[in-house]
Amino acid sequence: MKIWSIALRSLRREWRGGELRIVALALTIATTAVVSVASFGDRLHQTLARQGSELLGADLVVHVQAPPKSDWIVRADELGLRHARVESFRSVVVAGEYTQLAEIKAVENGYPLRGILRIADSLESIDRPANGVPDPGEVWVDAQLLTQLHLNIGDSVDLGKQRFKITRLLTLEPDRGGVAFTMAPRLMLNLEDLPATGLVQPGSLVHYHWLVAGSEQQIQVFKDWMLARGLLDTDLRDASNAQPRFRVALDRGESFLLLATLVSVLLAGIAIARSVRHYAQRQWDNAAVMRCFGARQNEITAIYVTQLLVLALAVSLLGAALGFLGQQVFVNILSGLVAGELPLPTWRPVALGVAVGVITVIGFGLPPLLRLKDVPPLRVIRRDLGVLPVRARLVYGIAFISFAVLVIWTAKQIGLILWVLGGTVATILVLSGVSLILIRLLARSRASVHVSWRFGIAAIARHARSSTSQIVALGIGIMAILLLTMVRADLWEQWQISLPPDTPNHFLINIQPDQLSEVESFFEQQGLVSRPLTPIVRARLISINGRTVDPEDYRDGFARRQVQRAANLSWAEELQPDNKVVQGKWWSSEQFKDGLLSVELGYAEALGLKLGDELVYRIGDKELSVAVSNYRTVAWDSFRPNFFLLVPPDLLTEFPSSYITSLYLPREQNAKIREIIERFPNITDIDVDALLGQVRRVLNKVNTALQFIFVFTLGAGLVVLWAALTATRSERRKEIAVLRALGARSADLRLGLIAEFVVLGSLAGSVGAFAAAVTGWGLSKFLFELPYEANIVMWFVGVLLAVLLVVSASYLAIRADLKTPPWQSLRESD
Amino acid sequence: MREVNNALVEAQNLVKQVSSPEGTLTILDGVSLSIVAGEAVAVVGVSGSGKSTLLGLLAGLDTPTSGTVHLNGVDITELDEDGRAQVRADSVGFVFQSFQLLTSLTALENVMLPLELAGRSVPERDAKAELARVGLGERLHHYPSQLSGGEQQRVAIARAYVAKPRILFADEPTGNLDAQTSHHIVELLFSLNDEYNTTLVLVTHNPELGERCQRSFELEGGMLRGKA
């Protein structure tokens with residue numbers, strides 16, 4: 001009890017000292033950042049868990065490359081199950097002069113079997129549950145499509161050969177689902193209308209979903225019956241494996257954003273370490289007096305640890321409250337990507353925030369406080385007696401371990417953990433090295449500059465280690481901002497420059513075999529240069545070397561996705577110029593009917609395929625067996641139709657196929673695309689420019705979210721600066737007083753201080769720009785394989801930003817010290 | 001502005017009060033004194049008698065509650081902080097008990113500082129010469145932390161004299177030094193004082209220092225007891 005009250009009383013008193021306020025500020029920033037991201041993620045996760053069946057719109061979804069067979073329907077009816085068909089695909093929607101690629105969804109009466117479809121009468125009106133599905137001749141669209149086609153409810157749109165009236169606005173589809181990351185806008189029509197559009201032909205890229213609902217027992221019986229009919233587990237989706245891809249993407253996204261916030265936590269830790277060390281030094285006298293009056297060593301420790309923990313808990317709760325507000329910013333930034341109502345966050349993110357706060361404070365702040373018990377009581381007489389500082393290795397060691405705990409907790413995967421820890425340590429070491437070199441170089445030049453500048457440079461050089469930590473902390477914040485703005489823009493621009501001017505910007509898919517000659521002669525008449533028409537057959541991989549394929553066998557996400565869904569097989573007589581065989585042999589004309597398979601190298605590696613492996617595919621209700629005969633590399637950025645999987649030309653003649661081609665069309669000739677679609681309504685145009693525009697919009701939103709996180713990083717960097725200013729405050733006050741005594745005017749003093757902060761800011765800005773440039777270079781060379789040009793403007797922007805931040809923040813922090821009478825400061829320092 | 005006799009420093013009725021939890025505390029109570037050019041005077045008294053406060057007021061480092069101080073003919077109590085800084089830059093030097101060197105600057109840079117602040121030309125040459133005079137010509141580029149206490153005080157003395165001030169204030173200049181080093185510092189202080197014909201005002205407990213001065217003011221309870 002005694003310890004508790006001493007700790008709290010002293011916490012109240014020392015709050016005015018400055019260091020504990022810095023600890024509180026640093027911790028507030030760290031926990032706010034973490035809780036913002038975690039509560040946003042928590043809301044998304046809850047939605048996923050709660051909506052299991054609703055997300056599917058059914059209890060069981062049968063997902064195969066064909067409509068349900070009649071015996072399946074008979075069996076479902078026998079069991080008393082409800083069922084409804086859904087077919088979805090991408091197609092162009094035309095409204096007067098506007099066209100838009102949309103996700104078309106044709107639904108049968110009864111849809112959805114679980115969950116609620118919500119609609120509204122206009123963009124302005126409040127939505128309500130829908131009573132059924134669109135009537136024949138009518139379509140429902142989402143707000144995005146309505147806006148992009150410049151339409152209102154009641155207007156008409158063309159889809160394939162048919163014209164439809166828009167009667168409702170779609171606001172929520174359970175199976176889209178309650179939460180989804182969406183790319184293309186939605187149009188929903190009655191399944192009865194689909195044949196008349198002429199959009200779906202044999203071999204078209206269509207997803208067939210058959211929704212089934214009933215009691216748990218009925219569903220299980222039906223599921224077993226279907227499996228006995230040769231369907232695979234992966235063809236049948238229920239609440240337990242609903243939206244696995246989205247769930248994985250969400251986990252990854254959340255983990256990535258949390259890792260980004262850990263940068264702020266690390267910087268906050270540096271500020272805390274610095275402030276607590278200074279605080280502990282100021283407590284030597286108090287500790288000595290308490291020891292003098294009989295306090296035991298462990299009581300001294302208990303008092304200070306209690307103080308620190310009380311502070312950490314209180315501030316983390318405050319940070320959690322602020323983080324709760326902060327997550328709303330994410331909801332706003334990512335609106336449009338995240339559809340539907342989100343439930344309120346649970347207590348989990350708050351617990352995470354408090355845990356991060358306590359771990360950070362203990363890891364970075366505890367060591368110097370533990371030393372206070374060793375202050376000799378004799379210090380009350382001999383003030384020169386103190387304690388040895390804690391060994392640097394121990395301080396850094398404990399800090400590293402606590403940071404590692406946070407990273408392991410967040411990243412979860414061993415590879416990622418090692419990358420993040422290694423990357424963090426390497427970045428800090430390299431940037432510290434660069435800062436030290438810059439400080440040394442600058443220190444040499446100080447003889448030749450004006451006294452104010454010399455004083456500024458000298459102050460930085462004198463405290464080289466502390467200056468380095470400030471420079472690196474701010475530099476990391478600046479780097480993050482530069483990467484997300486300038487480097488990103490540069491890379492995007494470089495990539496666009498790197499594409500040849502006639503790079504195809506349209507893909508035409510779903511071309512039917514009987515349309516080939518007609519399409520080709522149309523292209524010729526219109527003077528369009530297209531790439532060759534390439535066939536596609538949709539096939540599902542079912543076994544490799546006799547062993548049934550199970551997505552669970554693949555740890556690699558790409559491989560898992562490939563085996564979960566139908567693959568596109570194509571055939572070719574000869575190798576395209578942008579393909580190269582790297583192992584095995586391309587087929588000869590005698591082998592055109594043989595069961596051979598050419599696999600793209602990366603695809604083969606992901607699936608662990610070897611030359612000679614036997615793969616069995618199911619196409620419709622037939623099976624096809626092929627042996628891997630060679631590996632290819634593919635230049636994907638040629639924007640020609642290219643395929644992971646190729647077979648000899650005469651192997652697939654009996655299977656339903658469609659064709660694909662790509663062509664380059666200048667913007668002003670877009671009318672020709674409309675002509676193509678009008679003439680061949682079943683053909684779908686994929687506008688690459690528009691698609692890239694959509695990708696870019698999504699990236700921009702994610703980028704804004706990241707920028708929001710890195711504002712915390714910059715804030716934490718400034719707190720490191722404040723911590724250093726607070727720790728050197730008495731020294732600075734003395735220096736100001738001495739300069740005043742020697743006749744310095746206020747203007748001289750201001751100039752001297754501003755010079756110091758300008759130099760510090762320039763160094764931090766340079767280090768940040770350097771780090772951003774190196775990262776940009778690495779990304780472009782190794783990841784995007786683009787030429788990278790150093791952007792000199794970026795350096796100016798980085799330095800200017802850092803100088804403005806450092807000068808204004810520091811000046812605010814020390815302004816009061818300029819006004820203290822010199823005699824008072826000199827007496828205090830004696 | 002007015003000339004007050006021949007006095008370089010003239011204080012009239014100086015009162016310094018500070019507020020404390022127990023009420024207003026009077027540290028100096030109506031002190032008047034006059035120091036003429038070229039004099040060396042000591043201010044002595046027991047701890048808490050107000051010696052250092054008086055020095056701070058005479059040098060314009062602090063402002064009195066009431067009363068006036070004329071320094072080199074200028075009423076510094078009428079001036080603002082920058083005005084007082086200008087007077088100090090023009091005609092005042094300081095030596096402190098705890099040296100008060102700027103830790104981030106080398107010995108040479110510390111000594112150059114007053115010259116640069118006063119906008120003098122070739123500060124480096126003069127500063128080097130002054131450091132050589134105090135016997136530190138070989139330690140120009142050492143930082144304060146690399147020098148002994150006596151050496152630091154010699155740098156401080158070089159810094160105080162380098163701008164050739166008309167008046168030098170010293171606050172317990174030997175207070176932090178051992179007896180032998182103190183003796184050397186006292187010698188140095190007075191030899192330079194003679195050489196430059198500076199007016200010296202020092203606060204001290206050191207009897208040797210007091211004896212070397214021509215006059216002593218003794219403070220007791222914030223008031224002057226008598227003049228020697």
# chains A, B, ... in the order shown; residues from 1 in each chain; ligands from 1
$ residues_around --residues "Ala130 in chain A" --least-positions-apart "6" --cutoff "6 Å" --atoms "only C-alpha atoms" --output "PDB file with N, CA and C atoms, in the first residue's frame"
ATOM      1  N   LEU A 117     -31.104  -9.844 -49.728  1.00  0.00           N
ATOM      2  CA  LEU A 117     -30.706  -8.959 -50.808  1.00  0.00           C
ATOM      3  C   LEU A 117     -31.342  -7.613 -50.500  1.00  0.00           C
ATOM      4  N   ARG A 118     -30.573  -6.545 -50.578  1.00  0.00           N
ATOM      5  CA  ARG A 118     -31.160  -5.235 -50.262  1.00  0.00           C
ATOM      6  C   ARG A 118     -31.125  -4.331 -51.492  1.00  0.00           C
ATOM      7  N   ILE A 119     -32.199  -3.558 -51.649  1.00  0.00           N
ATOM      8  CA  ILE A 119     -32.314  -2.691 -52.823  1.00  0.00           C
ATOM      9  C   ILE A 119     -32.831  -1.318 -52.406  1.00  0.00           C
TER      10      ILE A 119
END
$ residues_around --residues "Ala118 in chain B" --least-positions-apart "5" --cutoff "8 Å" --atoms "only C-alpha atoms" --output "ChimeraX atom specification"
/A:743 /B:89-90
$ write_last_selection --atoms "C-alpha atoms" --output "PDB file, in the first residue's frame"
ATOM      1  CA  GLY A 743      26.599  39.455 -25.437  1.00  0.00           C
TER       2      GLY A 743
ATOM      3  CA  ALA B  89      29.140  42.445 -25.994  1.00  0.00           C
ATOM      4  CA  ASP B  90      30.788  45.885 -26.130  1.00  0.00           C
TER       5      ASP B  90
END
$ interface_residues --of "chain A" --to "chain B" --cutoff "6 Å" --atoms "only C-alpha atoms" --output "PyMOL selection string"
chain A and resi 458-459+462+742-745+822-823
$ write_last_selection --atoms "N, CA, C and O atoms" --output "PDB file, in the first residue's frame"
ATOM      1  N   ALA A 458      28.027  22.121 -34.451  1.00  0.00           N
ATOM      2  CA  ALA A 458      28.779  21.583 -33.315  1.00  0.00           C
ATOM      3  C   ALA A 458      27.851  20.849 -32.357  1.00  0.00           C
ATOM      4  O   ALA A 458      28.190  19.780 -31.847  1.00  0.00           O
ATOM      5  N   ALA A 459      26.663  21.413 -32.132  1.00  0.00           N
ATOM      6  CA  ALA A 459      25.735  20.786 -31.189  1.00  0.00           C
ATOM      7  C   ALA A 459      25.337  19.393 -31.685  1.00  0.00           C
ATOM      8  O   ALA A 459      25.230  18.446 -30.903  1.00  0.00           O
ATOM      9  N   ARG A 462      28.464  17.054 -31.493  1.00  0.00           N
ATOM     10  CA  ARG A 462      28.831  16.743 -30.112  1.00  0.00           C
ATOM     11  C   ARG A 462      27.984  15.576 -29.584  1.00  0.00           C
ATOM     12  O   ARG A 462      28.474  14.717 -28.886  1.00  0.00           O
ATOM     13  N   LEU A 742      27.733  36.446 -22.870  1.00  0.00           N
ATOM     14  CA  LEU A 742      28.809  36.898 -23.745  1.00  0.00           C
ATOM     15  C   LEU A 742      28.321  37.942 -24.735  1.00  0.00           C
ATOM     16  O   LEU A 742      29.049  38.345 -25.628  1.00  0.00           O
ATOM     17  N   GLY A 743      27.076  38.346 -24.614  1.00  0.00           N
ATOM     18  CA  GLY A 743      26.599  39.455 -25.437  1.00  0.00           C
ATOM     19  C   GLY A 743      25.776  39.066 -26.643  1.00  0.00           C
ATOM     20  O   GLY A 743      25.538  39.896 -27.520  1.00  0.00           O
ATOM     21  N   ALA A 744      25.347  37.797 -26.738  1.00  0.00           N
ATOM     22  CA  ALA A 744      24.536  37.393 -27.888  1.00  0.00           C
ATOM     23  C   ALA A 744      23.153  38.022 -27.797  1.00  0.00           C
ATOM     24  O   ALA A 744      22.551  38.058 -26.724  1.00  0.00           O
ATOM     25  N   ARG A 745      22.647  38.544 -28.935  1.00  0.00           N
ATOM     26  CA  ARG A 745      21.296  39.101 -28.961  1.00  0.00           C
ATOM     27  C   ARG A 745      20.282  37.979 -29.224  1.00  0.00           C
ATOM     28  O   ARG A 745      20.656  36.897 -29.664  1.00  0.00           O
ATOM     29  N   PRO A 822      19.165  34.988 -18.033  1.00  0.00           N
ATOM     30  CA  PRO A 822      20.403  34.205 -18.071  1.00  0.00           C
ATOM     31  C   PRO A 822      20.937  33.866 -16.689  1.00  0.00           C
ATOM     32  O   PRO A 822      21.441  32.775 -16.458  1.00  0.00           O
ATOM     33  N   TRP A 823      20.814  34.783 -15.761  1.00  0.00           N
ATOM     34  CA  TRP A 823      21.385  34.532 -14.436  1.00  0.00           C
ATOM     35  C   TRP A 823      20.725  33.331 -13.780  1.00  0.00           C
ATOM     36  O   TRP A 823      21.367  32.493 -13.177  1.00  0.00           O
TER      37      TRP A 823
END
$ atom_distance --atom1 "CA of Ile167 in chain B" --atom2 "CA of Leu8 in chain B"
8.1 Å
$ select_by_dssp --residues "range 487-717 of chain A" --states "strand (DSSP E)" --output "PyMOL selection string"
chain A and resi 506-511+534-544+547-548+567-571+579-584+596-600+614-619+622-634+645-647+658-663+684-687
$ atom_distance --atom1 "CA of Ala33 in chain A" --atom2 "CA of Val395 in chain A"
24.8 Å
$ residues_around --residues "range 192-194 of chain B" --least-positions-apart "3" --cutoff "12 Å" --atoms "only C-alpha atoms" --output "ChimeraX atom specification"
/B:37-41,93,130,133-134,154,157-158,160-162,164-170,185-189,197-201,212-213
$ residues_around --residues "Val86 in chain A" --least-positions-apart "4" --cutoff "7 Å" --atoms "only C-alpha atoms" --output "list of chain:residue names"
A:Lys105, A:Ala106, A:Val107, A:Glu108, A:Tyr208, A:His209, A:Trp210
$ residues_around --residues "range 264-275 of chain A" --least-positions-apart "5" --cutoff "6 Å" --atoms "only C-alpha atoms" --output "ChimeraX atom specification"
/A:19,23,26,30,360,364-365,713,716,720,723
$ residues_around --residues "range 573-579 of chain A" --least-positions-apart "5" --cutoff "6 Å" --atoms "only C-alpha atoms" --output "list in words"
Thr633, Val634, Ala635 and Pro649 of chain A
$ write_last_selection --atoms "N, CA, C and O atoms" --output "mmCIF file, in the first residue's frame"
data_model
loop_
_atom_site.group_PDB
_atom_site.id
_atom_site.type_symbol
_atom_site.label_atom_id
_atom_site.label_comp_id
_atom_site.auth_asym_id
_atom_site.auth_seq_id
_atom_site.Cartn_x
_atom_site.Cartn_y
_atom_site.Cartn_z
ATOM 1 N N THR A 633 9.339 -19.956 -70.471
ATOM 2 C CA THR A 633 9.242 -18.638 -69.843
ATOM 3 C C THR A 633 8.366 -17.797 -70.757
ATOM 4 O O THR A 633 8.348 -18.000 -71.971
ATOM 5 N N VAL A 634 7.634 -16.848 -70.148
ATOM 6 C CA VAL A 634 6.688 -16.021 -70.913
ATOM 7 C C VAL A 634 6.918 -14.550 -70.577
ATOM 8 O O VAL A 634 7.066 -14.209 -69.400
ATOM 9 N N ALA A 635 6.993 -13.709 -71.618
ATOM 10 C CA ALA A 635 7.071 -12.262 -71.381
ATOM 11 C C ALA A 635 5.644 -11.743 -71.248
ATOM 12 O O ALA A 635 5.007 -11.369 -72.225
ATOM 13 N N PRO A 649 -1.936 -28.844 -80.961
ATOM 14 C CA PRO A 649 -3.107 -28.235 -81.600
ATOM 15 C C PRO A 649 -4.287 -29.173 -81.848
ATOM 16 O O PRO A 649 -5.434 -28.722 -81.856
#
$ residues_around --residues "Gly475 in chain A" --least-positions-apart "5" --cutoff "6 Å" --atoms "only C-alpha atoms" --output "list in words"
Ala764, Gly765, Val767 and Gly768 of chain A
$ write_last_selection --atoms "N, CA, C and O atoms" --output "compact mmCIF listing (two decimals), in the first residue's frame"
# COMPACT_ATOMS: atom_id res chain seq x y z
N ALA A 764 18.12 14.54 -41.73
CA ALA A 764 17.03 13.56 -41.69
C ALA A 764 16.38 13.43 -43.06
O ALA A 764 16.10 12.33 -43.54
N GLY A 765 16.16 14.58 -43.74
CA GLY A 765 15.56 14.56 -45.06
C GLY A 765 16.44 13.83 -46.06
O GLY A 765 15.97 13.04 -46.88
N VAL A 767 18.73 11.54 -45.39
CA VAL A 767 18.74 10.11 -45.07
C VAL A 767 17.44 9.46 -45.56
O VAL A 767 17.45 8.38 -46.15
N GLY A 768 16.30 10.14 -45.35
CA GLY A 768 15.01 9.62 -45.80
C GLY A 768 14.98 9.48 -47.32
O GLY A 768 14.55 8.46 -47.85
$ select_by_dssp --residues "range 313-474 of chain A" --states "helix (DSSP H, G or I)" --output "ChimeraX atom specification"
/A:313-333,348-374,377-380,392-411,414-448,451-462,464-474
$ write_last_selection --atoms "C-alpha atoms" --output "tab-separated table (two decimals), in the first residue's frame"
chain	number	residue	atom	x	y	z
A	313	LEU	CA	-1.90	1.13	-18.78
A	314	ALA	CA	-3.57	4.52	-18.56
A	315	VAL	CA	-1.99	5.78	-21.77
A	316	SER	CA	-2.66	2.55	-23.69
A	317	LEU	CA	-6.33	2.82	-22.80
A	318	LEU	CA	-6.33	6.39	-24.05
A	319	GLY	CA	-4.57	5.21	-27.23
A	320	ALA	CA	-7.16	2.47	-27.63
A	321	ALA	CA	-9.95	5.05	-27.39
A	322	LEU	CA	-8.24	7.22	-30.01
A	323	GLY	CA	-7.59	4.14	-32.15
A	324	PHE	CA	-11.28	3.41	-32.03
A	325	LEU	CA	-11.84	6.78	-33.70
A	326	GLY	CA	-8.88	6.18	-36.02
A	327	GLN	CA	-10.32	2.96	-37.48
A	328	GLN	CA	-13.27	4.98	-38.76
A	329	VAL	CA	-10.72	6.77	-40.96
A	330	PHE	CA	-9.85	3.40	-42.54
A	331	VAL	CA	-13.51	2.65	-43.09
A	332	ASN	CA	-13.83	5.98	-44.90
A	333	ILE	CA	-10.61	5.64	-46.91
A	348	ARG	CA	-9.73	-7.74	-28.79
A	349	PRO	CA	-8.07	-4.72	-30.43
A	350	VAL	CA	-8.12	-2.86	-27.10
A	351	ALA	CA	-6.39	-5.80	-25.45
A	352	LEU	CA	-3.86	-5.84	-28.27
A	353	GLY	CA	-3.24	-2.09	-27.86
A	354	VAL	CA	-2.73	-2.39	-24.11
A	355	ALA	CA	-0.42	-5.39	-24.60
A	356	VAL	CA	1.63	-3.50	-27.20
A	357	GLY	CA	1.80	-0.48	-24.88
A	358	VAL	CA	2.96	-2.49	-21.88
A	359	ILE	CA	5.47	-4.57	-23.88
A	360	THR	CA	6.93	-1.44	-25.47
A	361	VAL	CA	7.30	0.39	-22.18
A	362	ILE	CA	8.85	-2.61	-20.43
A	363	GLY	CA	11.13	-3.49	-23.31
A	364	PHE	CA	12.42	-0.01	-23.97
A	365	GLY	CA	12.03	1.73	-20.61
A	366	LEU	CA	12.62	-0.76	-17.82
A	367	PRO	CA	16.43	-1.27	-17.71
A	368	PRO	CA	17.44	2.22	-16.47
A	369	LEU	CA	14.70	2.17	-13.80
A	370	LEU	CA	15.92	-1.19	-12.50
A	371	ARG	CA	19.27	0.46	-11.84
A	372	LEU	CA	17.78	2.97	-9.39
A	373	LYS	CA	17.94	0.42	-6.57
A	374	ASP	CA	21.75	0.54	-6.89
A	377	PRO	CA	22.59	6.19	-0.06
A	378	LEU	CA	25.86	8.09	0.40
A	379	ARG	CA	24.85	10.20	-2.61
A	380	VAL	CA	22.94	12.44	-0.19
A	392	ALA	CA	24.27	-0.82	-23.92
A	393	ARG	CA	24.18	-4.45	-25.02
A	394	LEU	CA	21.59	-5.23	-22.37
A	395	VAL	CA	19.41	-2.22	-23.25
A	396	TYR	CA	19.45	-2.95	-26.97
A	397	GLY	CA	19.00	-6.67	-26.30
A	398	ILE	CA	15.85	-6.26	-24.22
A	399	ALA	CA	14.45	-3.68	-26.66
A	400	PHE	CA	15.12	-6.01	-29.59
A	401	ILE	CA	13.49	-8.96	-27.84
A	402	SER	CA	10.35	-6.98	-27.05
A	403	PHE	CA	10.16	-5.70	-30.63
A	404	ALA	CA	10.67	-9.25	-31.88
A	405	VAL	CA	7.78	-10.43	-29.67
A	406	LEU	CA	5.52	-7.86	-31.33
A	407	VAL	CA	6.69	-8.80	-34.82
A	408	ILE	CA	6.25	-12.54	-34.20
A	409	TRP	CA	2.78	-11.89	-32.81
A	410	THR	CA	1.82	-9.84	-35.84
A	411	ALA	CA	3.53	-11.56	-38.75
A	414	ILE	CA	8.50	-17.49	-39.87
A	415	GLY	CA	9.78	-16.24	-43.24
A	416	LEU	CA	8.05	-12.91	-42.88
A	417	ILE	CA	9.22	-12.55	-39.27
A	418	LEU	CA	12.85	-13.05	-40.26
A	419	TRP	CA	12.45	-10.64	-43.15
A	420	VAL	CA	10.90	-7.92	-41.00
A	421	LEU	CA	13.37	-8.28	-38.13
A	422	GLY	CA	16.38	-8.55	-40.44
A	423	GLY	CA	15.11	-5.70	-42.60
A	424	THR	CA	14.49	-3.47	-39.59
A	425	VAL	CA	17.91	-4.08	-38.07
A	426	ALA	CA	19.66	-3.68	-41.45
A	427	THR	CA	17.74	-0.48	-42.25
A	428	ILE	CA	18.54	1.04	-38.88
A	429	LEU	CA	22.21	0.07	-39.12
A	430	VAL	CA	22.62	1.37	-42.68
A	431	LEU	CA	20.77	4.62	-42.01
A	432	SER	CA	22.72	5.14	-38.76
A	433	GLY	CA	25.94	4.62	-40.70
A	434	VAL	CA	24.87	7.11	-43.36
A	435	SER	CA	23.88	9.64	-40.67
A	436	LEU	CA	27.18	9.29	-38.83
A	437	ILE	CA	29.14	9.77	-42.06
A	438	LEU	CA	27.10	12.87	-42.91
A	439	ILE	CA	27.60	14.28	-39.40
A	440	ARG	CA	31.36	13.72	-39.62
A	441	LEU	CA	31.59	15.35	-43.05
A	442	LEU	CA	29.58	18.30	-41.83
A	443	ALA	CA	31.62	18.66	-38.64
A	444	ARG	CA	34.75	19.12	-40.74
A	445	SER	CA	33.24	22.00	-42.64
A	446	ARG	CA	32.23	23.92	-39.55
A	447	ALA	CA	35.35	26.12	-39.36
A	448	SER	CA	34.37	27.89	-42.54
A	451	VAL	CA	29.19	31.35	-35.90
A	452	SER	CA	25.45	30.53	-35.68
A	453	TRP	CA	25.78	27.69	-38.16
A	454	ARG	CA	28.94	26.49	-36.50
A	455	PHE	CA	27.15	26.39	-33.20
A	456	GLY	CA	24.32	24.36	-34.75
A	457	ILE	CA	26.66	21.90	-36.46
A	458	ALA	CA	28.78	21.58	-33.32
A	459	ALA	CA	25.74	20.79	-31.19
A	460	ILE	CA	24.77	17.97	-33.57
A	461	ALA	CA	28.30	16.61	-33.86
A	462	ARG	CA	28.83	16.74	-30.11
A	464	ALA	CA	26.49	12.36	-32.53
A	465	ARG	CA	24.76	9.27	-31.14
A	466	SER	CA	21.65	11.04	-30.00
A	467	SER	CA	21.58	13.08	-33.23
A	468	THR	CA	21.84	9.85	-35.22
A	469	SER	CA	18.83	8.35	-33.49
A	470	GLN	CA	16.82	11.51	-34.21
A	471	ILE	CA	17.97	11.61	-37.84
A	472	VAL	CA	17.19	7.94	-38.41
A	473	ALA	CA	13.80	8.15	-36.67
A	474	LEU	CA	12.71	11.15	-38.72
$ atom_distance --atom1 "CA of Ser730 in chain A" --atom2 "CA of Ser825 in chain A"
8.2 Å
$ closest_residue --among "B:Ser49, B:Thr204, B:Ser182, B:Asn72" --to "Gly221 in chain B" --atoms "only C-alpha atoms"
B:Ser49
